[in-house]
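Visitor: I am sharing model18.tsv, which consists of TSV, C-alpha atoms:
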chain	number	residue	atom	x	y	z
A	284	ALA	CA	-0.32	-4.23	-1.51
A	285	ASN	CA	-4.03	-5.07	-1.46
A	286	ASN	CA	-5.46	-5.05	2.06
A	287	ALA	CA	-7.99	-7.74	1.10
A	288	SER	CA	-5.03	-10.16	0.95
A	289	LEU	CA	-4.94	-10.10	4.75
A	290	ALA	CA	-7.90	-12.49	4.65
A	291	GLY	CA	-5.63	-15.42	3.77
A	292	SER	CA	-3.04	-14.82	6.49
A	293	SER	CA	-2.36	-17.16	9.37
A	294	GLY	CA	-0.17	-16.75	12.42
A	295	ILE	CA	2.05	-13.74	12.96
A	296	THR	CA	4.26	-12.33	10.20
A	297	ALA	CA	6.54	-9.30	10.09
A	298	GLY	CA	8.72	-7.69	7.48
A	299	VAL	CA	11.29	-4.92	7.20
A	300	TYR	CA	12.26	-3.02	4.04
A	301	CYS	CA	15.12	-0.52	3.81
A	302	GLU	CA	16.15	1.38	0.71
A	303	ASN	CA	18.89	3.90	-0.03
A	304	LYS	CA	18.40	5.08	-3.61
A	305	PHE	CA	21.57	6.24	-5.31
A	306	GLY	CA	23.32	6.40	-1.91
A	307	LEU	CA	21.52	9.67	-1.06
A	308	LYS	CA	20.25	10.03	2.52
A	309	GLU	CA	17.46	12.28	1.23
A	310	LEU	CA	16.02	9.29	-0.64
A	311	ASN	CA	16.16	6.83	2.28
A	312	ASN	CA	13.04	4.75	2.82
A	313	TYR	CA	12.28	2.45	5.78
A	314	VAL	CA	9.16	0.30	6.15
A	315	PHE	CA	8.01	-2.12	8.87
A	316	THR	CA	4.91	-4.27	8.43
A	317	GLY	CA	3.22	-6.74	10.71
A	318	ILE	CA	0.31	-9.13	10.19
A	319	PHE	CA	-1.75	-11.09	12.68
A	320	GLY	CA	-3.88	-13.77	11.02
A	321	ILE	CA	-7.21	-14.76	12.58
A	322	ASN	CA	-8.48	-18.31	11.81
A	323	GLY	CA	-7.17	-18.14	8.22
A	324	ASN	CA	-10.30	-16.16	7.23
A	325	SER	CA	-9.23	-12.69	8.26
A	326	GLY	CA	-6.23	-10.70	9.36
A	327	ILE	CA	-5.14	-7.47	10.96
A	328	GLY	CA	-2.13	-5.61	9.62
A	329	MET	CA	-0.08	-2.55	10.37
A	330	ILE	CA	2.49	-0.50	8.51
A	331	VAL	CA	4.97	2.08	9.76
A	332	SER	CA	7.10	3.91	7.19
A	333	TYR	CA	9.60	6.75	7.17
A	334	GLY	CA	11.38	8.33	4.25
A	335	GLY	CA	13.67	11.27	3.72
A	336	SER	CA	16.10	13.14	5.94
A	337	LYS	CA	15.90	15.54	8.87
A	338	GLU	CA	15.39	18.47	6.45
A	339	TYR	CA	12.41	16.88	4.67
A	340	ASN	CA	10.67	13.65	5.60
A	341	ARG	CA	7.40	11.85	5.32
A	342	SER	CA	6.01	9.14	7.53
A	343	GLN	CA	2.94	6.95	7.67
A	344	PHE	CA	1.22	4.76	10.23
A	345	GLY	CA	-1.57	2.50	9.01
A	346	LEU	CA	-3.91	-0.13	10.45
A	347	ALA	CA	-5.69	-2.58	8.15
A	348	TYR	CA	-8.24	-5.38	8.23
A	349	GLY	CA	-8.99	-7.98	5.57
A	350	GLY	CA	-11.75	-10.59	5.65
A	351	SER	CA	-12.98	-13.45	3.49
A	352	LEU	CA	-16.44	-13.77	1.97
A	353	GLY	CA	-15.67	-17.10	0.29
A	354	ARG	CA	-14.07	-16.56	-3.14
A	355	ILE	CA	-14.09	-12.79	-2.56
A	356	ASN	CA	-11.93	-10.99	0.01
A	357	ILE	CA	-12.40	-7.40	1.14
A	358	GLY	CA	-10.08	-5.10	3.03
A	359	VAL	CA	-9.74	-1.60	4.43
A	360	ARG	CA	-6.80	0.40	5.77
A	361	PHE	CA	-6.75	3.70	7.66
A	362	ASN	CA	-3.56	5.76	7.49
A	363	TYR	CA	-2.13	8.76	9.28
A	364	ASN	CA	0.36	10.48	6.96
A	365	MET	CA	2.77	13.17	8.07
A	366	ILE	CA	5.13	15.51	6.22
A	367	ARG	CA	7.83	17.52	7.99
A	368	ILE	CA	9.90	20.28	6.39
A	369	ALA	CA	12.67	21.94	8.42
A	370	GLY	CA	11.85	25.59	9.01
A	371	PHE	CA	8.18	25.12	8.04
A	372	GLY	CA	6.98	22.56	10.60
A	373	SER	CA	4.85	19.49	10.02
A	374	SER	CA	1.35	18.57	8.95
A	375	GLY	CA	-0.70	15.39	9.02
A	376	ALA	CA	-3.56	13.91	7.02
A	377	LEU	CA	-5.90	10.96	7.51
A	378	THR	CA	-6.55	8.72	4.50
A	379	TYR	CA	-8.09	5.35	3.77
A	380	GLU	CA	-7.79	2.53	1.24
A	381	LEU	CA	-10.34	-0.03	0.07
A	382	GLY	CA	-9.49	-3.27	-1.66
A	383	SER	CA	-10.98	-6.51	-2.91
A	384	THR	CA	-9.50	-9.70	-4.35
A	385	TRP	CA	-11.31	-12.42	-6.28
A	386	LYS	CA	-10.35	-16.06	-6.71
A	387	ILE	CA	-11.59	-16.70	-10.25
A	388	THR	CA	-10.17	-20.25	-10.44
A	389	GLU	CA	-7.70	-22.20	-8.32
A	390	LYS	CA	-4.79	-20.56	-10.17
A	391	PHE	CA	-6.18	-17.24	-11.43
A	392	PHE	CA	-6.71	-14.26	-9.11
A	393	SER	CA	-7.78	-10.68	-9.66
A	394	GLY	CA	-8.19	-7.59	-7.50
A	395	ILE	CA	-8.89	-3.89	-7.23
A	396	GLN	CA	-7.51	-1.28	-4.83
A	397	ILE	CA	-8.64	2.33	-4.28
A	398	SER	CA	-6.31	4.55	-2.24
A	399	ASN	CA	-7.20	8.03	-0.98
A	400	PRO	CA	-10.41	8.39	-3.03
A	401	GLN	CA	-11.02	11.76	-1.37
A	402	GLY	CA	-7.33	12.68	-1.18
A	403	GLY	CA	-5.85	13.40	2.27
A	404	LYS	CA	-5.22	17.12	2.61
A	405	PHE	CA	-2.30	18.68	4.48
A	406	GLY	CA	-2.12	22.05	6.21
A	407	LYS	CA	-4.73	24.44	7.51
A	408	ASP	CA	-5.86	25.54	4.06
A	409	GLY	CA	-5.71	22.02	2.58
A	410	THR	CA	-3.86	23.08	-0.59
A	411	GLU	CA	-1.41	20.15	-0.43
A	412	LYS	CA	-2.96	16.72	-0.83
A	413	LEU	CA	-2.04	13.11	-1.38
A	414	PRO	CA	-3.12	11.80	-4.79
A	415	SER	CA	-5.95	9.34	-5.32
A	416	VAL	CA	-4.70	6.05	-6.77
A	417	TYR	CA	-6.79	3.38	-8.52
A	418	SER	CA	-5.36	-0.01	-9.46
A	419	ILE	CA	-6.61	-3.26	-10.88
A	420	GLY	CA	-4.58	-6.39	-11.39
A	421	ALA	CA	-4.52	-10.10	-12.02
A	422	GLY	CA	-2.19	-12.99	-11.31
A	423	TYR	CA	-1.84	-16.53	-12.61
A	424	GLU	CA	-0.01	-19.29	-10.71
A	425	CYS	CA	1.61	-21.32	-13.47
A	426	SER	CA	2.94	-23.70	-10.81
A	427	GLY	CA	3.72	-23.69	-7.09
A	428	GLN	CA	6.94	-21.85	-7.94
A	429	LEU	CA	5.94	-19.47	-10.75
A	430	LEU	CA	3.51	-16.53	-10.57
A	431	VAL	CA	2.79	-14.13	-13.47
A	432	THR	CA	1.12	-10.79	-12.66
A	433	VAL	CA	-0.08	-7.63	-14.40
A	434	SER	CA	-1.45	-4.40	-12.89
A	435	VAL	CA	-2.91	-1.22	-14.33
A	436	ILE	CA	-2.44	1.78	-12.02
A	437	LYS	CA	-3.90	5.27	-12.43
A	438	GLU	CA	-2.56	7.93	-10.08
A	439	GLU	CA	-4.29	11.32	-10.02
A	440	SER	CA	-2.67	13.83	-12.43
A	441	LYS	CA	-0.38	11.16	-13.93
A	442	PRO	CA	-0.67	8.88	-16.97
A	443	VAL	CA	-1.81	5.26	-16.63
A	444	ASN	CA	0.99	2.89	-15.63
A	445	VAL	CA	1.10	-0.82	-16.53
A	446	GLU	CA	3.27	-3.14	-14.44
A	447	ALA	CA	4.01	-6.78	-15.20
A	448	GLY	CA	5.77	-9.21	-12.92
A	449	LEU	CA	7.23	-12.69	-12.84
A	450	GLN	CA	7.89	-14.27	-9.47
A	451	TYR	CA	9.88	-17.50	-9.32
Let me see the file written as C-alpha cells.
Guide:
Amino acid sequence: ANNASLAGSSGITAGVYCENKFGLKELNNYVFTGIFGINGNSGIGMIVSYGGSKEYNRSQFGLAYGGSLGRINIGVRFNYNMIRIAGFGSSGALTYELGSTWKITEKFFSGIQISNPQGGKFGKDGTEKLPSVYSIGAGYECSGQLLVTVSVIKEESKPVNVEAGLQY
C-alpha cells in the first residue's frame, strides 16, 4: 500500500484482485497491479481498478515510482480517478500520494503514507471530493515466516482507525 515499497522490488510482478461483497454486483471490485523493479533500488508500478455496476461505478488508473535512499525509501503515485453515474454522466479527478518507509533494524520497519493531501475534486464546481487519508504503520518480522503489523489511519471526516495484522 505504500509506494515507497516499490524501492525493494526486482523483476516483473503482477497481481489481480476480484471481490464480490455479499454477492451484490453493485459492490464488485476488480484491481490489477503491475510492478517493474529496476536494479533492486527502485521500481515503477501501476494500478488499474474498477468497482460498481453500470448504474454507478468508480475507476482509477495510477502510476507510481519508489526509490531507495539507503535505509529510507520514498515513493510517489499519481492517480486519475473517475466516477460515473447513469443519467448524470461522469467526472474525473487527478490526485497524488506520497510515502516513505524506514528500515529501523533488520527486522523492524516503519512507514508513513499521505493520500490526496489536497483532495481530488470532481465536477465543474468541485463540490464532490475524494478524502485526504494519512496513515502511519510499523511491522516486525518475528521470523522469515511471521510478520506482525500495526497501522493508524486517519481519513478526512472519519474517526481514527487502528489496524493490526499477523501474516504467517
Visitor: Using atom CA of Ser426 of chain A and atom CA of Lys390 of chain A as the two end points, give the distance in Å to one decimal.
Guide: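 Computing the Euclidean distance for atom CA of Ser426 of chain A and atom CA of Lys390 of chain A yields 8.4 Å.
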Visitor: Any idea what the distance is between atom CA of Lys308 of chain A and atom CA of Tyr333 of chain A?
Guide: 12.1 Å
Visitor: Just give me the residues with any atom within 7 Å of (-2.0, 3.6, 9.1), file coordinates, counting all atoms listed in the file, written as a list in words.
Guide: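 Counting all atoms listed in the file, I find these residues within 7 Å of (-2.0, 3.6, 9.1): Met329, Ile330, Gln343, Phe344, Gly345, Leu346, Arg360, Phe361, Asn362 and Tyr363 of chain A.
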Visitor: Pick the closest to Ser342 of chain A from A:Gln428, A:Ser418, A:Thr296, A:Ser374: which is it, counting all atoms listed in the file?
Guide: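 Using all atoms listed in the file, Ser342 of chain A sits closest to A:Ser374.
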Visitor: Could you work out how far atom CA of Asn312 of chain A lies from atom CA of Ile397 of chain A, giving the answer in Å with one decimal?
Guide: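 If I compute the distance from atom CA of Ile397 of chain A to atom CA of Asn312 of chain A, I get 22.9 Å.
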Visitor: Report as a VMD selection string all protein, DNA and RNA residues lying within 8 Å of Ser351 of chain A, evaluated on all atoms listed in the file, omitting residues in the same chain fewer than 4 positions from it.
Guide: chain A and resid 287 290 to 291 324 to 325 355 to 357
Visitor: How would the residues just picked look written out with C-alpha atoms as a compact mmCIF listing (two decimals), in the coordinates of the input?
Guide:
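out15.txt written:
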# COMPACT_ATOMS: atom_id res chain seq x y z
CA ALA A 287 -7.99 -7.74 1.10
CA ALA A 290 -7.90 -12.49 4.65
CA GLY A 291 -5.63 -15.42 3.77
CA ASN A 324 -10.30 -16.16 7.23
CA SER A 325 -9.23 -12.69 8.26
CA ILE A 355 -14.09 -12.79 -2.56
CA ASN A 356 -11.93 -10.99 0.01
CA ILE A 357 -12.40 -7.40 1.14
Visitor: Show me the residues around (-7.9, 8.7, 2.3) - criterion: an atom at most 9 Å away, only C-alpha atoms counted - as a count of residues only.
Guide: 16
Visitor: Extract, using all atoms listed in the file, all DNA, RNA and protein residues at most 6 Å from Ala347 of chain A, discarding same-chain residues fewer than 4 positions from it, and format them as a ChimeraX atom specification.
Guide: /A:327-328,359-360
Visitor: With distances taken over only C-alpha atoms, which residue among A:Glu424, A:Asp408, A:Glu338, A:Glu438 lies nearest Gln450 of chain A?
Guide: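 The answer is A:Glu424, which sits nearest to Gln450 of chain A.
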